Structures are given as structure tokens and as C-alpha cells.
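Structure file structure.csv with CSV, C-alpha atoms:
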```csv
chain,number,residue,atom,x,y,z
A,140,MET,CA,179.2,258.3,98.8
A,141,ARG,CA,182.1,260.2,97.2
A,142,GLU,CA,185.4,260.2,99.2
A,143,VAL,CA,186.8,263.7,99.6
A,144,SER,CA,189.7,262.5,101.7
A,145,GLU,CA,190.9,259.3,103.2
A,146,GLY,CA,188.0,257.8,105.2
A,147,VAL,CA,185.7,260.9,104.7
A,148,LEU,CA,182.6,260.5,102.5
A,149,MET,CA,180.6,263.4,101.1
A,150,ARG,CA,176.9,264.0,101.4
A,151,ALA,CA,174.8,266.8,100.0
A,152,PHE,CA,171.4,268.3,101.1
A,153,SER,CA,169.0,268.9,98.2
A,154,LEU,CA,166.3,271.5,98.4
A,155,PHE,CA,163.7,269.3,96.7
A,156,SER,CA,160.5,270.7,95.2
A,157,GLY,CA,159.6,267.5,93.4
A,158,GLY,CA,159.7,269.0,89.9
A,159,LEU,CA,161.8,267.7,87.1
A,160,ASP,CA,164.6,270.2,87.7
A,161,SER,CA,165.1,269.2,91.3
A,162,MET,CA,165.0,265.5,90.3
A,163,LEU,CA,167.7,266.1,87.7
A,164,ALA,CA,169.9,268.1,90.1
A,165,VAL,CA,169.8,265.1,92.5
A,166,LYS,CA,170.7,262.7,89.8
A,167,LEU,CA,173.6,264.8,88.5
A,168,ILE,CA,175.2,264.9,92.0
A,169,GLN,CA,174.5,261.3,92.7
A,170,GLU,CA,176.2,260.5,89.4
A,171,GLN,CA,179.4,261.9,90.9
A,172,GLY,CA,179.3,259.6,93.9
A,173,VAL,CA,177.8,262.0,96.4
A,174,ASP,CA,175.1,260.8,98.8
A,175,VAL,CA,172.0,263.1,98.6
A,176,ILE,CA,169.3,263.7,101.2
A,177,GLY,CA,166.2,265.8,100.1
A,178,VAL,CA,164.5,268.5,102.2
A,179,SER,CA,161.1,269.9,101.3
A,180,PHE,CA,159.4,272.8,103.0
A,181,GLU,CA,155.7,273.1,103.9
A,182,THR,CA,153.5,276.1,104.7
A,183,PRO,CA,149.8,276.9,104.2
A,184,PHE,CA,150.8,278.4,100.8
A,185,PHE,CA,152.5,275.3,99.4
A,186,SER,CA,152.7,271.7,100.4
A,187,SER,CA,155.3,268.9,100.2
A,188,GLN,CA,153.1,266.3,98.5
A,189,LYS,CA,154.7,266.7,95.0
A,190,ALA,CA,158.1,266.4,96.6
A,191,ILE,CA,157.1,263.3,98.6
A,192,ARG,CA,155.8,261.5,95.4
A,193,SER,CA,158.9,262.4,93.3
A,194,ALA,CA,161.3,261.5,96.1
A,195,ARG,CA,159.7,258.1,96.4
A,196,TYR,CA,159.9,257.6,92.6
A,197,ILE,CA,163.7,258.3,92.5
A,198,GLY,CA,164.4,256.6,95.8
A,199,LEU,CA,165.5,259.8,97.5
A,200,PRO,CA,165.4,260.0,101.3
A,201,LEU,CA,163.3,263.1,102.1
A,202,LYS,CA,162.8,265.3,105.2
A,203,VAL,CA,159.8,267.6,105.4
A,204,VAL,CA,160.1,270.9,107.4
A,205,ASP,CA,157.3,273.3,108.3
A,206,ILE,CA,158.4,276.9,108.0
A,207,THR,CA,155.0,278.5,108.5
A,208,ASP,CA,156.0,280.9,111.4
A,209,SER,CA,159.0,282.2,109.5
A,210,ILE,CA,157.3,282.6,106.1
A,211,LEU,CA,154.4,284.5,107.6
A,212,GLN,CA,156.8,287.2,108.9
A,213,ILE,CA,158.3,287.4,105.4
A,214,VAL,CA,154.9,287.7,103.7
A,215,LEU,CA,154.0,290.6,105.9
A,216,SER,CA,157.2,292.5,105.1
A,217,PRO,CA,159.4,291.1,102.4
A,218,ARG,CA,162.8,292.8,102.1
A,219,HIS,CA,162.9,292.2,98.3
A,220,GLY,CA,159.2,292.8,97.6
A,221,TYR,CA,156.6,290.7,95.9
A,222,GLY,CA,156.1,289.1,92.5
A,223,LYS,CA,152.9,289.4,90.5
A,224,GLY,CA,150.8,288.2,93.5
A,225,LEU,CA,151.8,288.3,97.2
A,226,ASN,CA,154.8,286.0,96.6
A,227,PRO,CA,158.1,287.1,98.2
A,228,CYS,CA,160.1,284.6,96.1
A,229,ILE,CA,163.6,286.0,96.8
A,230,ASP,CA,163.1,286.2,100.5
A,231,CYS,CA,161.4,282.8,100.6
A,232,HIS,CA,164.1,281.0,98.8
A,233,ALA,CA,166.8,282.6,101.0
A,234,LEU,CA,164.8,281.4,104.0
A,235,MET,CA,164.8,277.9,102.6
A,236,PHE,CA,168.5,277.8,102.1
A,237,LYS,CA,169.1,279.3,105.5
A,238,THR,CA,166.9,276.7,107.1
A,239,ALA,CA,168.6,273.8,105.2
A,240,GLY,CA,172.0,275.3,105.9
A,241,GLY,CA,171.3,275.1,109.6
A,242,MET,CA,170.6,271.4,109.2
A,243,LEU,CA,173.9,270.5,107.4
A,244,LYS,CA,175.9,269.6,110.4
A,245,LYS,CA,173.2,267.5,112.0
A,246,GLU,CA,172.7,265.5,108.8
A,247,GLY,CA,176.4,265.1,108.1
A,248,ALA,CA,176.2,267.0,104.8
A,249,GLY,CA,178.9,269.3,103.4
A,250,PHE,CA,176.9,271.4,100.9
A,251,MET,CA,173.4,272.1,99.4
A,252,ILE,CA,172.0,271.8,95.9
A,253,SER,CA,168.9,272.9,94.1
A,254,GLY,CA,167.3,272.5,90.7
A,255,GLU,CA,167.2,276.3,90.0
A,256,VAL,CA,168.0,277.2,86.4
A,257,VAL,CA,169.3,280.7,85.4
A,258,GLY,CA,166.6,282.7,83.6
A,259,GLN,CA,163.8,280.2,84.1
A,260,ARG,CA,161.8,282.4,86.5
A,261,PRO,CA,162.0,286.1,85.9
A,262,MET,CA,161.9,287.2,89.6
A,263,SER,CA,163.8,284.6,91.5
A,264,GLN,CA,166.1,282.9,89.0
A,265,ASN,CA,168.0,285.7,87.3
A,266,LEU,CA,171.7,286.1,88.0
A,267,ARG,CA,171.2,289.0,90.5
A,268,SER,CA,168.4,287.2,92.4
A,269,LEU,CA,170.3,283.9,92.7
A,270,SER,CA,173.3,285.8,94.1
A,271,ILE,CA,171.1,287.7,96.6
A,272,ILE,CA,169.5,284.4,97.7
A,273,SER,CA,172.8,282.7,98.2
A,274,ARG,CA,174.3,285.6,100.1
A,275,GLU,CA,171.4,286.2,102.4
A,276,SER,CA,171.1,282.6,103.3
A,277,GLY,CA,174.4,282.8,105.1
A,278,PHE,CA,175.7,279.8,103.2
A,279,GLU,CA,176.7,281.4,99.9
A,280,ASP,CA,179.7,279.3,99.1
A,281,LEU,CA,177.9,276.0,99.9
A,282,ILE,CA,175.0,276.4,97.5
A,283,LEU,CA,175.5,274.6,94.2
A,284,ARG,CA,173.0,274.7,91.4
A,285,PRO,CA,174.1,271.7,89.2
A,286,LEU,CA,171.8,272.5,86.2
A,287,SER,CA,173.4,276.0,85.7
A,288,ALA,CA,176.7,275.7,87.6
A,289,LYS,CA,178.8,276.6,84.6
A,290,ARG,CA,177.0,280.0,84.3
A,291,LEU,CA,177.5,280.8,87.9
A,292,PRO,CA,180.6,281.5,90.1
A,293,GLU,CA,182.5,278.5,91.3
A,294,THR,CA,181.4,277.2,94.7
A,295,LEU,CA,183.4,275.5,97.5
A,296,PRO,CA,182.2,272.0,96.5
A,297,GLU,CA,183.7,272.6,93.1
A,298,LYS,CA,186.9,274.3,94.3
A,299,GLU,CA,187.5,271.5,96.8
A,300,GLY,CA,186.8,268.7,94.3
A,301,TRP,CA,183.8,267.3,96.1
A,302,VAL,CA,182.1,267.5,92.7
A,303,VAL,CA,183.7,268.0,89.2
A,304,ARG,CA,182.6,271.2,87.6
A,305,GLU,CA,183.1,269.9,84.1
A,306,ARG,CA,180.5,267.3,84.7
A,307,LEU,CA,177.9,269.9,85.7
A,308,LEU,CA,175.7,271.8,83.3
A,309,GLY,CA,175.2,275.4,82.0
A,310,LEU,CA,171.5,275.5,81.3
A,311,SER,CA,169.7,278.8,81.0
A,312,GLY,CA,166.3,280.1,79.8
A,313,ARG,CA,162.8,278.7,79.9
A,314,SER,CA,163.1,275.9,77.3
A,315,ARG,CA,162.4,272.4,78.8
A,316,GLN,CA,164.0,270.4,76.0
A,317,PRO,CA,167.4,270.0,77.6
A,318,GLN,CA,165.8,268.8,80.8
A,319,MET,CA,163.5,266.3,79.0
A,320,GLU,CA,166.6,264.9,77.2
A,321,LEU,CA,168.4,264.6,80.4
A,322,ALA,CA,165.4,262.8,82.0
A,323,ARG,CA,165.5,260.2,79.3
A,324,ARG,CA,169.2,259.6,80.0
A,325,PHE,CA,168.5,259.1,83.7
A,326,ARG,CA,165.4,257.0,82.7
A,327,ILE,CA,163.1,259.3,84.6
A,328,GLN,CA,159.7,258.7,82.9
A,329,GLU,CA,157.3,260.2,85.5
A,330,TYR,CA,157.5,263.8,86.7
A,331,PRO,CA,155.0,266.5,87.3
A,332,ALA,CA,154.2,269.3,84.8
A,333,PRO,CA,156.1,272.5,85.6
A,334,ALA,CA,154.0,274.7,87.9
A,335,GLY,CA,154.7,277.1,90.7
A,336,GLY,CA,152.4,275.4,93.2
A,337,CYS,CA,152.4,278.4,95.5
A,338,LEU,CA,149.1,280.0,96.4
A,339,LEU,CA,150.8,283.4,96.9
A,340,THR,CA,151.2,283.6,93.1
A,341,GLU,CA,147.5,283.2,92.5
A,342,LYS,CA,145.5,286.4,91.9
A,343,VAL,CA,142.3,285.5,93.9
A,344,PHE,CA,144.2,284.0,96.9
A,345,SER,CA,146.5,287.0,97.0
A,346,ARG,CA,143.6,289.4,97.0
A,347,ARG,CA,142.0,287.5,99.8
A,348,LEU,CA,145.2,287.5,101.8
A,349,LYS,CA,145.7,291.2,101.4
A,350,ASP,CA,142.2,291.8,102.7
A,351,LEU,CA,142.9,289.5,105.7
A,352,ILE,CA,146.2,291.3,106.5
A,353,SER,CA,144.6,294.7,106.3
A,354,VAL,CA,141.6,293.9,108.4
A,355,THR,CA,143.0,291.3,110.8
A,356,PRO,CA,146.8,291.8,111.4
A,357,GLU,CA,146.8,289.2,114.1
A,358,PHE,CA,145.4,286.5,111.9
A,359,SER,CA,145.7,282.7,112.6
A,360,ARG,CA,146.6,279.7,110.5
A,361,ARG,CA,142.9,278.9,110.5
A,362,ASP,CA,142.2,282.2,108.8
A,363,ILE,CA,144.7,281.4,106.1
A,364,GLU,CA,143.3,278.0,105.5
A,365,LEU,CA,139.8,279.5,105.1
A,366,LEU,CA,141.1,281.6,102.2
A,367,LYS,CA,141.5,278.4,100.1
A,368,TRP,CA,137.8,277.5,100.2
A,369,GLY,CA,134.5,278.9,99.0
A,370,ARG,CA,133.4,282.4,98.0
A,371,HIS,CA,134.4,285.3,100.2
A,372,PHE,CA,132.4,288.4,100.9
A,373,ARG,CA,133.5,291.4,103.0
A,374,ILE,CA,130.2,292.7,104.2
A,375,CYS,CA,131.6,295.2,106.6
A,376,GLU,CA,135.0,296.2,107.9
A,377,LYS,CA,135.1,293.7,110.7
A,378,ALA,CA,133.0,290.9,109.4
A,379,LYS,CA,133.4,288.5,106.5
A,380,ILE,CA,131.4,285.5,105.3
A,381,VAL,CA,132.6,282.4,103.5
A,382,VAL,CA,130.2,280.5,101.3
A,383,GLY,CA,130.9,276.8,100.5
A,384,ARG,CA,130.8,275.9,96.8
A,385,ASN,CA,130.3,272.1,97.1
A,386,GLN,CA,129.9,269.4,99.7
A,387,ARG,CA,133.6,269.0,100.4
A,388,GLU,CA,134.0,272.8,101.0
A,389,ASN,CA,130.8,272.8,103.2
A,390,GLU,CA,132.4,270.1,105.4
A,391,LEU,CA,135.8,271.8,105.6
A,392,ILE,CA,134.2,275.1,106.5
A,393,ALA,CA,132.0,273.5,109.2
A,394,SER,CA,135.1,271.7,110.6
A,395,VAL,CA,137.0,274.9,111.5
A,396,VAL,CA,134.2,276.8,113.3
A,397,ARG,CA,135.5,278.3,116.5
A,398,GLU,CA,134.1,280.3,119.4
A,399,GLY,CA,132.5,283.5,118.2
A,400,ASP,CA,131.9,282.4,114.7
A,401,THR,CA,128.4,282.2,113.2
A,402,LEU,CA,127.3,279.3,111.0
A,403,LEU,CA,124.3,279.7,108.6
A,404,ARG,CA,122.5,276.9,106.7
A,405,VAL,CA,119.3,277.0,104.7
A,406,GLU,CA,116.6,274.7,106.1
A,407,LEU,CA,114.7,272.2,103.9
A,408,VAL,CA,116.5,273.3,100.7
A,409,PRO,CA,120.0,272.1,99.5
A,410,GLY,CA,122.5,274.9,99.9
A,411,PRO,CA,125.9,276.0,101.1
A,412,THR,CA,127.4,276.1,104.6
A,413,VAL,CA,128.1,279.8,105.3
A,414,LEU,CA,130.6,280.9,107.9
A,415,ALA,CA,130.5,284.4,109.3
A,416,THR,CA,133.5,285.7,111.2
A,417,GLY,CA,133.6,288.8,113.3
A,418,GLU,CA,130.7,290.8,114.9
A,419,LEU,CA,127.7,291.3,112.7
A,420,SER,CA,124.9,293.8,113.4
A,421,PRO,CA,121.3,292.6,113.0
A,422,GLU,CA,121.2,294.1,109.5
A,423,GLU,CA,124.5,292.5,108.5
A,424,MET,CA,123.2,289.1,109.8
A,425,LYS,CA,120.1,289.5,107.6
A,426,LEU,CA,122.5,290.2,104.7
A,427,ALA,CA,124.5,287.0,105.5
A,428,ALA,CA,121.2,285.0,105.6
A,429,CYS,CA,120.1,286.5,102.3
A,430,ILE,CA,123.4,285.5,100.7
A,431,ALA,CA,123.0,282.0,102.1
A,432,ALA,CA,119.5,281.8,100.6
A,433,SER,CA,120.7,283.2,97.2
A,434,TYR,CA,123.4,280.6,96.8
A,435,SER,CA,121.1,277.7,97.8
A,436,ASP,CA,118.7,275.9,95.4
A,437,ALA,CA,115.9,278.2,96.5
A,438,ALA,CA,114.2,280.1,93.7
A,439,ILE,CA,114.8,283.8,93.4
A,440,ASP,CA,112.3,285.7,95.6
A,441,GLN,CA,111.5,282.5,97.5
A,442,SER,CA,111.4,283.0,101.2
A,443,VAL,CA,113.3,280.3,103.2
A,444,ALA,CA,114.3,279.6,106.7
A,445,VAL,CA,118.0,280.0,107.6
A,446,ARG,CA,119.3,278.3,110.7
A,447,VAL,CA,121.8,280.6,112.4
A,448,THR,CA,124.2,279.0,115.0
A,449,ARG,CA,126.6,280.9,117.2
A,450,ASN,CA,128.3,279.5,120.3
A,451,SER,CA,125.8,276.5,120.3
A,452,ILE,CA,122.8,278.8,120.3
A,453,HIS,CA,120.4,278.4,117.4
A,454,ARG,CA,117.8,280.7,115.9
A,455,ILE,CA,115.9,280.9,112.6
A,456,LEU,CA,115.9,283.9,110.2
A,457,LEU,CA,113.7,284.2,107.2
A,458,ALA,CA,115.5,285.3,104.1
A,459,THR,CA,114.7,285.8,100.4
A,460,GLY,CA,116.9,284.6,97.6
A,461,LYS,CA,118.2,287.3,95.2
A,462,GLU,CA,120.2,287.5,92.0
A,463,LYS,CA,123.9,286.8,92.8
A,464,ALA,CA,125.0,289.9,91.0
A,465,VAL,CA,123.5,291.9,93.9
A,466,PHE,CA,126.3,290.7,96.1
A,467,ARG,CA,129.2,291.2,93.7
A,468,ARG,CA,130.3,294.5,95.3
A,469,PHE,CA,131.0,292.5,98.6
A,470,MET,CA,133.0,289.8,96.9
A,471,ILE,CA,136.7,289.6,97.7
```
Starting from the coordinates I provided, produce the structure as C-alpha cells.
Amino acid sequence: MREVSEGVLMRAFSLFSGGLDSMLAVKLIQEQGVDVIGVSFETPFFSSQKAIRSARYIGLPLKVVDITDSILQIVLSPRHGYGKGLNPCIDCHALMFKTAGGMLKKEGAGFMISGEVVGQRPMSQNLRSLSIISRESGFEDLILRPLSAKRLPETLPEKEGWVVRERLLGLSGRSRQPQMELARRFRIQEYPAPAGGCLLTEKVFSRRLKDLISVTPEFSRRDIELLKWGRHFRICEKAKIVVGRNQRENELIASVVREGDTLLRVELVPGPTVLATGELSPEEMKLAACIAASYSDAAIDQSVAVRVTRNSIHRILLATGKEKAVFRRFMI
């Protein structure tokens, strides 16, 4: 570790996504004799799996922190708004730095780094956004972005000589060529393709989440997990059905059934597991059974038996398969 004064060694905390930029930021700071510990954040919208793999590859100690409760509050009402989907990137990144900043003392670290590059992402990595993120984290002077440091105001680690500013970079824009050249210098041969990895940026997932928030303000983590699987149909204001698309989704859907849910499966014909949440009228239950039949291997206009299970009570409904286009108006 870098000595900042006699007998005192410096350590940094890296917000580590697992992408090439975050790997390079770590290497640049380690190159200056600073010890680095990584921290990756996890929610239902993004996981730490990429970070875990990349940290293992470069030998970086990594801590994983679940920030679900905090991020849900931000998703419901972001101070700085959303991106193209339901992604509150500025508020989310400020939360990450705030959380990591609160861990500095415990981990014996003096400052934080990240792999952010000025101008690489239009919403969260322009000069104004980076400044807001740093300020609202509460640790503005302790956030160093090594890849773009020369284009940003000097931070405390640079002023105090914990790192040498001249040995940091001034990258900007969306070109990946400088990073790829730097990866070769550091002999980093394996790294994931650049991708956001956040479900909140995806069009279909964002639409489903908006529907969930509008209908069920007191939603659970299970409700969010369900948004990732199957086809979703809003058949009435208070009831929705989820139709599995393959065996894995069928198993996942069946594994999260809870009291008050209704499970539908077509008898004797291969087909999806269908989960209905909320209260369904008799007519709405018939519609759910019809959708189950229509997405099974049953022929159009073929009558099949659909097993309906609610609170361990079983019954059979007869349903006829129809063209899937009939249900398009219900699809979320």
C-alpha cells in the first residue's frame, strides 16, 4: 500500500461493476501503490455476478452489498428523474457512493474510485451529472475517477498526494480504443462486453414495473422478480396473469406461488404454468384458463381441461384455445 505519511498506508474503495472501465480504474490506482478493495451493489434490477467474475480475474478483494430497500424508494420517486426507461441513474449512482462512503472508516480506506468516463453515458456521465452525483453522495472530495481525472476538478486524494494526478488519465467520449490499449498494457485479456446490465433501462421490464407500481403501490420483492419471467397480461385492474415461456420459467413461476395466488395448468397437453395474482371474477378466471389453453400445444378451437389451484384447492375448468392475437390487448 502507498505510504501517505510515516507509518500510514493508503487504501481505496472501488465501486466495481466488473466492466473494463472499473477494472482499469483499479489497476491505475494499484499502480500508484494504493491498496484497493472493491464493492459491488445488488438489487432485483442488477446483480453482482459480472463484478464477482472480474474481481476474481484481477485478484481484487470484493464486497457485495444489497441496496434493494434504498433503491426501491428512489425508483418510486427519483429526484433527478429517469432515463429512457425507469432508470434513475443519477440518484442511483449517488446512493452507491453514499453507501460506499459510509463504509470507508470500517474498511480503513481513505477515498473512493470508480471507472466512470466523462461523456460515455449521456445521462449519468456528463460533467454536470458527475458533479451532482459526487455532491449528493456527501463525499464529494473523496471521489476520484482515474480514467477522466484530468478533465475533472482536483480531489483530496490528488491534493494530499495520496495519488499523483499526472499519472491519471483524461479520457472522454464513447470510444473504447483507449481502454482497449490500456487493457493490453495491464495484460487484461478477459473482460465483459460493455453493457448496462440494469433491467430498469429495458423497455419491456420498465413497462411492466410501471404497471405494477400504478396498480400495486405496496408491491413486494416477489412481485418484482415475477416481472423478469414469462408473458404478462393485465386482465383487469386488480388481477394479472403470468404465462411461462419455457420449462425453466414454468418452474420459477411455480416456485413463488403464495397464499391467495391461483395456478393454472393444462391437463394432458404440454403447456405453460400460468400464475394469476389478485382476485378474479368467474369470467376473468375463464379468460385466464383460455389464455393457458391458447399458449399450450392444444390446437386452436380444441377444448382442454385446465387444472386451477388456489390455496391447495383444485378444480377443473374447460377452456378452448384461440389465436394468440386475441389477447394482445391485455399484454403488458
| said: Give me, as a ChimeraX atom specification, all polymer residues having an atom no more than 6 Å from range 364-377 of chain A, counting all atoms listed in the file and skipping those fewer than 5 positions away in the same chain. | reply: /A:382-384,417,469-471
| When you draw a straight line from CA of Pro356 in chain A to CA of Phe466 in chain A, how long is it in Å? |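 Spanning CA of Pro356 in chain A to CA of Phe466 in chain A is a straight-line distance of 25.6 Å.
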| request: Within 9 Å of Met319 in chain A, counting all atoms listed in the file, which residues show up once you throw out same-chain ones fewer than 5 positions away? Write them as a list in words, please. | output: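 Counting all atoms listed in the file, the residues come to Leu159, Arg324 and Ile327 of chain A.
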| query | Which one is closest to Leu351 in chain A: A:Leu215, A:Ile439, A:Met262, A:Val396? Count all atoms listed in the file. | reply |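 Checking each of A:Leu215, A:Ile439, A:Met262, A:Val396 against Leu351 in chain A, counting all atoms listed in the file, the winner is A:Leu215.
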| field | Minimum-distance residue to Asp362 in chain A, chosen among A:Asp205, A:Glu255, A:Asp350, A:Glu320 (using all atoms listed in the file) | value | A:Asp350
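In this model, the gap between CA of Ala458 in chain A and CA of Val413 in chain A comes to 13.8 Å.
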| request: Please provide the set of residues having any atom within 10 Å of Pro317 in chain A, restricted to all atoms listed in the file, with same-chain residues fewer than 6 positions apart removed, written as JSON, numbers by chain. | output: {"A": [286, 310, 311]}
| task | Could you give me, as a ChimeraX atom specification, the residues within 12 Å of Leu201 in chain A, counting all atoms listed in the file and dropping anything in the same chain fewer than 6 positions from it? | result | /A:152-157,165,175-180,187-195,246
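Minimum distance to Val256 in chain A across A:Ala164, A:Ala437, A:Leu338, A:Cys231 (counting only C-alpha atoms) occurs at A:Ala164.
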| said: Ranking A:Leu339, A:Ile229, A:Met251, A:Val443 by minimum distance to Phe185 in chain A and counting all atoms listed in the file, which one comes first? | reply: A:Leu339
| task | Can you work out the spacing between CA of Lys425 in chain A and CA of Leu456 in chain A in Å, to one decimal? | result | 7.5 Å
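Among the candidates A:Gln212, A:Asn389, A:Ser186, A:Gln316, the one nearest to Thr412 in chain A when counting all atoms listed in the file is A:Asn389.
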| Selection: 10 Å around Ile168 in chain A, all atoms listed in the file, excl. self and same-chain fewer than 6 positions, as a list in words |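 Selected residues are Arg141, Arg150, Ala151, Ser153, Asp174, Val175, Ile252, Leu283, Pro285, Trp301, Val302, Val303, Arg306 and Leu307 of chain A.
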| message | Counting only C-alpha atoms, which residue out of A:Thr459, A:Ser345, A:Thr207, A:Ser314 sits closest to Asp436 in chain A? | response |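 Smallest distance to Asp436 in chain A is found for A:Thr459.
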